[in-house]
There are 2 protein chains.
Amino acid sequence: MVAITRTDIDNMDKLYRINLINSCSGYKSANLIGTQSNEGNTNVAVFSSVVHLGSNPPLLGFITRPAVVPRDTYENIKETGFYTINHIHQEITEDAHHTSAKYPKGVSEFDQTALKTNYKDNFSAPFVNNCHVQIGMRYVEEYNLQINETILVIGEIEKLYINDKILETDGFINLAKAKTATINGLDAYTIPEQSVRYPYQRPK
Amino acid sequence: MVAITRTDIDNMDKLYRINLINSCSGYKSANLIGTQSNEGNTNVAVFSSVVHLGSNPPLLGFITRPAVVPRDTYENIKETGFYTINHIHQEITEDAHHTSAKYPKGVSEFDQTALKTNYKDNFSAPFVNNCHVQIGMRYVEEYNLQINETILVIGEIEKLYINDKILETDGFINLAKAKTATINGLDAYTIPEQSVRYPYQRPK
């Protein structure tokens, strides 16, 4: 085992540290967040920090750092109150990753990639076409994490579209069947095969 | 596509809703959090909500719901200020999942499974033996998410132990080489194979 102390981390080359610490949390969710400004400018960006917060009410959170990264996603959410979360699958990982490029405000990643918008059921934010799980979100609240000036953005699920081939009879969404991606660190994508479900556990 | 509205979600059978909404965020990180009370009682529990918050300082967060689940992990962290995060790998998924059973306070999951404690370098909380990534964490702050009474617990990385076979020259931890698990929903575990790394993206 390599033993790394906090002092080692603080003294690391910046890129080495970013690679290392970004790999530390384990595999990450791989999602595209779609938004649209009140003026009609669309935006889509890859996020690896979407996290389940609760099922009743149905809540998802994600982490953003408006002071550092281009903030179109965050600004559009604050402006309109709505956004979409779309699972990244095998066929779109390369385009999904390209949305991390720092385009100027006003340039839509939907125009710079093969990703296409998908509007439906009067939901104001664009879904990403052909994603097997598409979630329409309504902004609820946010927390400013004082220690490093990131923001936890929390939203409620308003709409949920799921490819019927991956939805099982007990509500389980089979991500392996959808060839859903997961992210390792900053830049590695992998498509897990078949998963194994374990029963509900009780004390022995 | 199956179209599900918010009203549908609110009216669902509880177990169906839990399976569905827990699958919605995509793949989740698979970690064991190890703690020890001041009296010396150990605890280890599976968490699928560990999320990267930042690299400088190196911060990880996780979500807990003390009002609903057995709260040994949270109480021990508040009592001592220290905890460990350990990546779940292929050989321990079954034991890791068993730590979700609701044992009475005072019963250690280290005694009810084949998971073993690993103490080192005077770090007060127990690591999980043989995990390929073991992280010593110091509690920093927490946020009470008012909308559903969950808590985001934030800690700084103090110690980091990594199997040298999975640490690459640029700091990337190769989770596939470690046969690290990822979680789908509440109860499905999968071990991704080889990942693909993409280069840093710039506007075209």
# chains A, B, ... in the order shown; residues from 1 in each chain; ligands from 1
call {"tool": "interface_residues", "arguments": {"of": "chain A", "to": "chain B", "cutoff": "6 Å", "atoms": "only C-alpha atoms", "output": "ChimeraX atom specification"}}
result
/A:1-6,16,18-21,23,25-29,51-52,55,98,101,103,158-164,170-173,187-190,192,195-198,201-203
call {"tool": "residues_around", "arguments": {"residues": "region 71-76 of chain A", "least_positions_apart": "4", "cutoff": "7 Å", "atoms": "only C-alpha atoms", "output": "PDB file with C-alpha atoms, in the first residue's frame"}}
result
ATOM      1  CA  THR A  35     -31.002  23.745 -19.174  1.00  0.00           C
ATOM      2  CA  GLN A  36     -32.377  26.684 -21.109  1.00  0.00           C
ATOM      3  CA  SER A  37     -32.198  30.393 -20.293  1.00  0.00           C
ATOM      4  CA  ASN A  43     -26.932  24.303 -22.421  1.00  0.00           C
ATOM      5  CA  PRO A  66     -19.938  28.607  -9.959  1.00  0.00           C
ATOM      6  CA  THR A  80     -35.930  29.372 -14.744  1.00  0.00           C
ATOM      7  CA  LYS A 105     -21.599  31.766 -22.707  1.00  0.00           C
TER       8      LYS A 105
END
call {"tool": "atom_distance", "arguments": {"atom1": "CA of Leu32 (chain B)", "atom2": "CA of Val46 (chain B)"}}
result
4.5 Å
call {"tool": "select_by_dssp", "arguments": {"residues": "chain B", "states": "strand (DSSP E)", "output": "PyMOL selection string"}}
result
chain B and resi 2-5+28-29+31-36+42-47+51-55+58-64+82-87+117-118+127-128+133-145+150-162+182-184+188-190+196-197
call {"tool": "atom_distance", "arguments": {"atom1": "CA of Phe47 (chain A)", "atom2": "CA of Val153 (chain B)"}}
result
20.5 Å
call {"tool": "atom_distance", "arguments": {"atom1": "CA of Phe127 (chain A)", "atom2": "CA of Asn11 (chain B)"}}
result
24.4 Å
call {"tool": "select_by_dssp", "arguments": {"residues": "region 69-190 of chain A", "states": "helix (DSSP H, G or I)", "output": "list of chain:residue names"}}
result
A:Asp72, A:Thr73, A:Tyr74, A:Glu75, A:Asn76, A:Ile77, A:Lys78, A:Glu79, A:Thr80, A:Gln90, A:Glu91, A:Ile92, A:Thr93, A:Glu94, A:Asp95, A:Ala96, A:His97, A:His98, A:Glu109, A:Phe110, A:Asp111, A:Gln112
